[in-house]
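*Asks:* Okay, handing you the structure first.
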Amino acid sequence: MAIDYNISEYDVVRDPQRCIACRVCERQCANEVHWFDAETGKMRSDESKCVDCHRCVSLCPTHALKIVKNPDTFRLNGQWDNAAIGEVFRQAETGGMLLSSMGNPKNYPIYWDKMLINASQVTNPSIDPLREPMETRTFLGKKPDRLERGADGALRTDNLPPQLELEVPIMFSAMSYGSISYNAHESLARAATELGTYYNTGEGGLHEDFYSYGPHTIVQVASGRFGVHQKFLEAGAAIEIKIGQGAKPGIGGHLPGAKISADVSRTRMIPQGSDAISPAPHHDIYSIEDLRQLVYSLKEATNYKKPIIVKIAAVHNVAAIASGIARSGADIIAIDGFRGGTGAAPTRIRDNVGIPIELALASVDERLRQEKIRSNVSLVVGGSIRNSADVVKAIALGADAVYIGTAALLALGCHLCRTCQNGKCNWGIATQRPDLVKRLNPDIGYKRLVNLVSAWQHEIMEMMGGMGINSIEALRGNRLMLRGIGLNEKELEILGIKHAGE
Amino acid sequence: MKYVIIGNSTAAVGCIEGIRSADKTGPITVISDEPYPVYSRPLISYLLYGKTDEERMKYRPDDFYEKNGVKTLFGVKAEKIDASGKQVLLGSGESVPYDKLLVATGSRPFVPPMAGLETVEKKFSFMKLDDAKELGAALTPESRVLIIGAGLIGLKCAEGIRHLVKSIEVVDLADRILPSILDEEGSAMVQKHIAVQDISFTLGDSVAIFHGNEATLKSGKKISFDVLVVAVGVRPNTQIAADAGCRVGRGVTIDSRSATSVADIYAAGDCCECRDLTTGTDRILAILPNAYLQGETAGINMAGGEKSFDKAIPMNAIGFFGLHIITAGNYDGEVWTEQSGDTYKKLVSKDGLLRGFILIGDVARAGIYTSLIREQTPLDTIDYELIKRKPQLMAFTMQQRAVKLGGAKQ
Amino acid sequence: MKRVYVNEKWCLGCHLCEYNCAFANSGKNDMVDALKDVTIHPRIQVEGDNDVSFAVSCRHCEDPICVKSCIAGALSIKDGVIHCDQEKCVGCFTCVLVCPYGAVMPAPDGHVIQKCELCTNNSSGEPACVKGCPNGAIVFEER
């Protein structure tokens, strides 16, 4: 209906002087924005289909294409912007929930950018990481309360609970096979192996081809229990129980049947073409005691050889919840902030539920310390880490390591068009269409992931050296290394840091 | 090891390069009654056409013989092979000893007996460089040329000289042109294209008698002309090999190693007959690629290597006035054709193999078809329906392509 | 010898290799100048559709039947690269007749042939198809 006509958010601008009508844009757009007009010999486009993924722009050999914000606008209104009006139109037309993907894009405060890192001058010399040892290796898992010595007087190491050993305190966060492609998974698995870190299956099971990467795989058990079986649990280096996810705290997941290909169906152990619905809660967990039962069931199933991670979304009561989890027998707590990504989430949930990870992390770390149970668990945070400085700040706030998802996908080619839910990812990441999946060559993808994390590792070492710190463990929870900027008293109090200049 | 080669065209070059791939030093002697370093014979029509010149017609660079350690005896005729004494006797009375000998004597124009031919003043064959030079010198813009023979040589000659002369008339006993490589549809199509160039054809007819510059055909038709070209066909030069005791059929008989029936004597090129892969019969396949490959095979075997060439098939790539024709194999079998405008395609299969094809106009990627014939690829291992439409590697399996394009081992 | 190999699994059928080839062999410095409003005649050709596609160019065979069949002596092997001397070529297309890959093609004017010479005959320096392939589907390496 005319009333529903929505202004396209973006416009495709083609420079006619540059376009050579090679039709690469046409062939590469799964949204069918571009086409060749044989009569005029010119390329044409329909911007209403454009999701601004930049595939065409990136591949255009003469750089003839630009995607620009469409200047067409409803009458400007501080309260009712184009998006707000357009969303009302869409819902008035369809009666449905709005869906979106990737992380919360709204203009909420980014606390990482309101914290500054310290450096040594004169009295406490800085360290040059190129000349002196600099340790980014860390171990995740429950740590013993005190040192013990054996009968021979030597330190006992045989009494350590299971640990994950990370060469760099960065892991790839949970993304299921189904939500992302086989080639994306292969890239992550190979990169994790080469980097000496871990990737995470998400709730999609583990494809049979990837069992060989098991020592660098975290296998996930979530509310739908898809793809969970004995071999799966044994294959991973650790098992993650997913309670919640930053992009959609409190709700379950829904992978449409169209994405359940034969391979995905086998891996998830559900019929091909059927919707994969993960319930909002685990139906067997209504208390910390219930959680403890699952934690110990999984430990029992794997002979107490693998650390158990419990992943929650950062929500209002996160500190108290984490305190409970730390007493449940879990070895690691993973907290996902409100900017964490997803392959599909209701827009209103994604944009309005949860809290920033910086605040959640600071309060959880502080609470566990107060309760003297901090060494019961390691803390892993994710859901907004953009660069190595964010990693350093997270560790100084108390994290043992971080999860990166969006940054990893960007390295693989994602341009954050935030339309994963359509399954037509032009970069071969969030899709199961074979012609699109093959656009991501894992030989290239894994190398780019390795490059990214290696670059961050160098930067982390550089920043640590500047602070006069030579091991990541000495940085952990070292909040004196941070100062706030432009933060109010309450924020500084929660973050547990002083203001710049103090 | 001393090598001697009689002949100095494509087969000889193949032989020299074959020998040198296995033996870098053994002396090679080339004996040729032509006074030129090796040139490309099929290019003589292009020479008259103006598309090449004597310099560019050289089949190999000037330093070819020197670099390959070849002694050349040009303008010298090899008279006789003394197979027991292992030497070649020259016209000069000298002899050249050999350990291994290649006979690459090629062929000569066949001029059928025609009454009154001796009365024709300007008559030419069209095979060697000298033929082309002499013909070229005899032509004027006013020349009316009569060509006897509507085969490959006669028509290439017609194309080469069309712009130099006033008119051309082609006469052939056969009722259509290029019968050795085309079917009736193809002949008609090509004839139409050539006729546009104001070249006239009298087919199914032959010369009864010449009276100077006038030919009277069997039909009674009279044709006046200034210059006559006889391009009826060629005959292999087998005498020298036959005299040496080599088995000779229509051509010198060779096996897949290019060896003749006499020890240490090999033969290659247009003077030989060999097994036609598409019919399984022995015949003369006087085409340049076969000459090279037989020569090379001979050379490698002469030098002590092991090489077998058993994939000889009839095949031709030729064009007239911009219309390209590629054909291969024979046309006995199940036929599939496609014709539109100036293009014609015919594929012939038998016993599950592609046996032959004709492409006129659109010849792109024809080699994919040729290789199906040469490699005897069973058509049920490829998508024949797809490849019929156009030659393409898509018709093969992914595994076959991995070998062809991806460097995978068989 | 390093050759161009095709990883069919990763070919997107985007045809960029064809345009990069045509540009590299155009003698021009700017792709727009070289290819705008021009029908390209690349020496590499993509076959296939959206599902299966691959690029085909000269394999630079060790035992090249095109070289051995060339009636003009125009084709030769130079350091492993099969080279066509277009001055000598008369456009008879015997090489088109024999190449099992269909990788030799008429030049745009139709009077001579052209083929991939691994960009040794232009200013690209390395095979332009390989350099421009967005997905590592064409590689230049020893195998």
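Note on naming: chains are A, B, ... as they come in the structure tokens, residues start from 1 per chain, ligands start from 1 in the order shown.
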Show me which bits of chain B are within 9 Å of chain C, counting only C-alpha atoms, as number ranges by chain.
*Replies:* B: 10, 14, 39-43, 46, 51-52, 56-61, 288-293, 315-319, 322, 324-328, 363-372, 391-394, 398, 401-402, 404-408
*Asks:* Where in chain C does DSSP assign alpha helix (DSSP H), given as a ChimeraX atom specification?
*Replies:* /C:16-24,31-35,65-69,94-98,128-132
*Asks:* Please produce a file of the residues just selected, as a short mmCIF file (atom, residue, chain, number, x, y, z; two decimals), in the first residue's frame, where the atoms kept are C-alpha atoms.
*Replies:*
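Result file selection-v9.cif:
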```cif
data_model
loop_
_atom_site.label_atom_id
_atom_site.label_comp_id
_atom_site.auth_asym_id
_atom_site.auth_seq_id
_atom_site.Cartn_x
_atom_site.Cartn_y
_atom_site.Cartn_z
CA LEU C 16 36.73 -10.22 -12.42
CA CYS C 17 39.64 -12.27 -13.75
CA GLU C 18 38.42 -11.65 -17.29
CA TYR C 19 38.32 -7.92 -16.75
CA ASN C 20 41.67 -7.83 -15.00
CA CYS C 21 43.13 -9.84 -17.87
CA ALA C 22 41.66 -7.56 -20.50
CA PHE C 23 42.95 -4.54 -18.60
CA ALA C 24 46.45 -5.97 -18.12
CA MET C 31 40.87 0.35 -16.23
CA VAL C 32 38.11 2.76 -17.14
CA ASP C 33 40.06 4.06 -20.14
CA ALA C 34 40.86 0.52 -21.14
CA LEU C 35 37.49 -1.15 -20.77
CA ILE C 65 50.55 -29.71 -28.67
CA CYS C 66 49.76 -26.16 -29.82
CA VAL C 67 53.45 -25.36 -30.22
CA LYS C 68 54.08 -28.60 -32.06
CA SER C 69 51.11 -28.04 -34.33
CA THR C 94 45.42 -24.82 -35.89
CA CYS C 95 46.22 -24.14 -32.21
CA VAL C 96 42.50 -23.60 -31.58
CA LEU C 97 41.95 -26.95 -33.27
CA VAL C 98 44.32 -28.82 -30.98
CA ALA C 128 46.61 -10.11 -13.21
CA CYS C 129 43.86 -12.71 -12.91
CA VAL C 130 45.53 -14.15 -9.82
CA LYS C 131 46.26 -10.77 -8.27
CA GLY C 132 42.68 -9.64 -8.72
#
```
*Asks:* Compute the set of chain C residues within 6 Å of chain A, using only C-alpha atoms, and express it as a list in words.
*Replies:*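 Residues satisfying the distance criterion: Trp10, Cys14, Val32, Lys36 and Asp51 of chain C.
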*Asks:* Which residues are near stretch 297-305 of chain B? Cut-off 7 Å, only C-alpha atoms, ignore same chain within fewer than 4 positions. Put them as number ranges by chain.
*Replies:* B: 15-16, 18-19, 22-23, 100, 257-259, 266, 293, 309
*Asks:* I want to know what sits within 10 Å of A:Ile117, based on only C-alpha atoms, with residues of the same chain fewer than 5 positions away left out; could you give that as an MDAnalysis selection string?
*Replies:* chainID A and resid 389 392:393 396 463:464 466:467 479:484 500
*Asks:* Please save C-alpha atoms of the selected residues as an mmCIF file, in the first residue's frame.
*Replies:*
```
data_model
loop_
_atom_site.group_PDB
_atom_site.id
_atom_site.type_symbol
_atom_site.label_atom_id
_atom_site.label_comp_id
_atom_site.auth_asym_id
_atom_site.auth_seq_id
_atom_site.Cartn_x
_atom_site.Cartn_y
_atom_site.Cartn_z
ATOM 1 C CA ALA A 389 42.756 -1.350 24.059
ATOM 2 C CA VAL A 392 43.521 -4.291 28.064
ATOM 3 C CA LYS A 393 40.793 -2.292 29.783
ATOM 4 C CA ALA A 396 42.410 -4.302 34.090
ATOM 5 C CA MET A 463 50.528 -1.303 26.265
ATOM 6 C CA MET A 464 51.480 -3.672 29.078
ATOM 7 C CA GLY A 466 54.217 0.882 28.824
ATOM 8 C CA MET A 467 52.594 0.240 32.174
ATOM 9 C CA ARG A 479 42.216 -1.036 38.192
ATOM 10 C CA LEU A 480 44.837 1.472 39.215
ATOM 11 C CA MET A 481 45.970 1.248 35.618
ATOM 12 C CA LEU A 482 42.681 2.853 34.525
ATOM 13 C CA ARG A 483 41.309 6.362 34.948
ATOM 14 C CA GLY A 484 37.841 7.551 34.010
ATOM 15 C CA ALA A 500 41.685 11.128 35.280
#
```
*Asks:* Could you tell me which of B:Leu101, B:Val403, B:Thr25, B:Pro141 comes closest to B:Gly295 if we count only C-alpha atoms?
*Replies:*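 Once distances to B:Gly295 are computed over only C-alpha atoms, the minimum belongs to B:Leu101.
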*Asks:* Taking only C-alpha atoms into account, which of C:Pro42, C:Pro127, C:Gly136, C:Gly80 comes nearest C:Gln114?
*Replies:* C:Pro42
*Asks:* So which one's closest to A:Val353, A:Ser179, A:Asn422, A:Asn82, A:Asn104? Using only C-alpha atoms, please.
*Replies:*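 Of A:Ser179, A:Asn422, A:Asn82, A:Asn104, the one nearest A:Val353, counting only C-alpha atoms, is A:Asn104.
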*Asks:* To one decimal place, how far is atom CA of A:Leu166 from atom CA of A:Arg190 in Å?
*Replies:*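 These atoms are spaced 14.9 Å apart.
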